[in-house]
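Written below as structure tokens is the structure these notes are about.
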Amino acid sequence: MVRRLLKDESGMTMALAVMMVVIIGVMGAGLLTFTMRDLDTVVQTNQGQTAQAMADAGMQAAKLQLHTMDSNPLHYDGVSNATNTESSWSRTASDPTTWKHMTFGGNDMWVDIKYLPPSSNATQASDKNFAPVILPSGATDSNRDPDTDPDYPSDRHYFRVTVEANADGAVRWYQAIYQTENYNFPVSYFATRDINVTGASATVNGVSLFAQRYITNLTPDSKTGSKVKCGTICGVDQAYSNWATNPDGTANGYNKTARPTTSAGAAALGGTPPTAACSSAAISRDSGIGYASASDNTNQKKMSADPQDYGQRDYDRDSDFKCPSSTAVSSGRPEFTLNTWTASGATQPSTKITFPFAVNDSSTDAAILSSLKDKAQAQNHYVQVDNGSSSKEIDIADSTGFNTPSGAVYPPNSTLDTVMYIEFTGSVKGSVLYKTGGNGDQWKGTIVVINGDLDTSASSASYQGVMIVRDGVSNGTATTESQITTFNNSGSLNIDGYVNVEGDLFLQGSVGGVFPGELLNGIPGVVTVNRWSWRECYAANCP
């Protein structure tokens with residue numbers, strides 16, 4: 001009987017089953033715990049990646065704000081007063097907790113832009129509340145800002161951008177310093193072809209004229225006794241001085257040959273090749289500069305005039321020689337020519353003088369136009385016209401008219417930061433007439449015309465700013481008259497500023513005058529933006 005009981009194992013099956021259930025349950029609970037932890041980790045990682053993407057987007061938004069919308073340091077210095085209004089992108093001293101708030105996909109990000117004043121020593125340069133670069137010796141307040149801070153070369157400024165991004169509880173703090181700097185844009189009247197002075201009363205004050213072909217009909221200075229009366233061009237070149245100096249007072253990087261005067265002048269490349277023959281090009285107008293009367297032109301080119309403009313204030317292809325008699329001799333003055341030495345790393349010859357700015361820089365020009373287009377679109381001052389196969393005219397006026405679409409209505413409260421951009425598409429160039437009313441206001445800003453001519457009306461009010469004309473052919477390679485664009489100041493409009501034309505420029509009215517600092521430093525409100533430094537913070541407010 002005992003033997004029979006020992007062989008009976010019917011109860012073991014249940015015990016083993018219970019044990020297996022317990023073991024599987026324990027293992028399943030462990031696996032579930034690991035799985036839940038992995039899921040939580042994935043969720044947190046996704047949230048962190050979303051917050052990171054939001055923070056990156058905030059940085060890009062701040063960069064776009066500085067690049068296209070507003071780069072005025074006084075709008076980000078934390079102070080609002082009767083003269084300057086603080087940007088909504090900047091915390092103010094009276095309300096330090098208010099940041100620029102944006103949402104995307106139900107998530108939030110906050111952005112703060114702070115202007116960093118210049119550093120005068122190493123201690124300040126290492127302080128997060130100052131610019132990271134020490135001011136160069138002799139730096140001055142070249143942009144005439146209401147504040148008295150001196151400036152870095154090329155009107156350079158530094159801004160600290162702080163971004164907080166929050167995605168479902170995951171937080172990322174980024175901080176970067178961005179450097180803004182003016183584009184190198186010619187602060188002068190410049191034409192890729194010719195500049196033609198078309199009116200006897202035309203005057204150019206405080207700004208020089210440069211052409212890649214010819215400048216015609218200049219009236220030279222005249223002298224009666226000890227008194228000198230200026231001709232077409234008067235005053236001191238406010239931007240380039242002796243043409244070997246930048247607007248900020250530093251040495252010019254494109255032209256190192258200084259003129260013996262700081263007076264505004266004229267320079268043109270003329271035709272090729274130079275001709276050292278007194279009976280032809282040396283005293284003709286084919287060498288680049290052409291003075292109003294034949295006698296004036298001859299005396300200037302012989303360098304026998306009193307006062308002498310040619311070779312002192314004005315230069316062209318043949319200014320390196322003169323014709324005191326029938327035989328040409330060296331004038332001891334430089335010849336005006338294109339800069340062919342900088343790109344090759346060579347030294348500028350002392351016998352050559354060139355543009356005090358880069359020419360034929362298509363990549364920089366394209367970047368400037370793109371920035372201006374973005375700015376005009378943001379201000380609702382962008383107009384696109386499909387020309388098709390027939391030319392159309394657009395009027396820039398202070399109210400909507402028959403030829404004035406809404407985007408071409410010039411705002412009465414315009415500033416130098418105002419941009420109007422008119423672009424003609426199609427195979428035929430269009431035309432734009434500037435006819436903003438003469439109600440005593442001075443209209444300000446930058447006007448850009450693409451694939452069209454720009455003319456002025458006799459009844460227009462004075463204008464302060466920049467006018468830019470570009471043809472519709474890639475890289476300015478227009479060759480036919482139907483493609484070549486022009487600026488024509490036929491209305492004798494008084495312009496305090498400068499004009500840059502891909503094509504021909506006709507002057508009849510008064511241009512120049514005393515520039516505000518923003519114009520001396522290039523196109524107002526259009527800057528390059530480069531990141532100086534970047535970091536991710538792991539504590540609130542990026543201390």
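Convention: chains lettered A, B, ... in structure tokens order; per-chain residue numbering from 1; ligands numbered from 1 as shown.
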Identify, on the basis of only C-alpha atoms, every residue whose closest approach to Val171 (chain A) does not exceed 9 Å; exclude the query and any residue fewer than 2 positions from it along the same chain; express the result as a PyMOL selection string. chain A and resi 47-48+51-52+164-169+173
Residues of region 170-323 of chain A in strand (DSSP E), written as number ranges by chain: A: 170-182, 189-191, 195-197, 203-205, 209-211, 215-218, 222-224, 227-229, 233-234, 266-268, 289-291, 321-322
Compare A:Asn205, A:Thr92, A:Ser119, A:Asn255 by their minimum atom-to-atom distance to Asp496 (chain A), counting only C-alpha atoms, and give me the closest one.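 For Asp496 (chain A), the nearest of the given residues is A:Asn205.
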Between A:Ala268, A:Thr219, A:Leu66, A:Lys301, which has the minimum distance to Gly231 (chain A) (counting only C-alpha atoms)?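 For Gly231 (chain A), the nearest of the candidates is A:Thr219.
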Across A:Ser370, A:Thr216, A:Gln300, A:Asn246, the smallest distance to Phe355 (chain A), with only C-alpha atoms counted, is shown by A:Asn246
Determine, counting only C-alpha atoms, which protein, DNA and RNA residues have an atom within 9 Å of an atom of Gly388 (chain A); residues of the same chain fewer than 3 positions away are not included. Present the result as a ChimeraX atom specification. /A:385,391,425-428
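Minimum atom-to-atom distances from A:Asn196, A:Tyr410, A:Thr347, A:Asp318 to Asn489 (chain A) were compared using only C-alpha atoms, and the lowest value belongs to A:Asn196.
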At what distance in Å, to one decimal, does CA of Thr354 (chain A) lie from CA of Asp141 (chain A)? 27.7 Å
Nearest residue to Val529 (chain A) out of A:Met109, A:Met59, A:Ala200, A:Val501, using only C-alpha atoms?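 Closest to Val529 (chain A) of all the choices is A:Met59.
Minimum atom-to-atom distance to Asp56 (chain A), evaluated using only C-alpha atoms, belongs to A:Arg535 out of A:Lys302, A:Lys375, A:Arg213, A:Arg535.
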Spatial neighbours of Trp534 (chain A), 8 Å, only C-alpha atoms, chain gap at least 3 places, as a list in words: Tyr174, Gln175, Ala176, Ile177 and Arg531 of chain A
Distance of CA of Pro516 (chain A) from CA of Val187 (chain A), expressed in Å to one decimal place: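 If I compute the distance from CA of Val187 (chain A) to CA of Pro516 (chain A), I get 12.2 Å.
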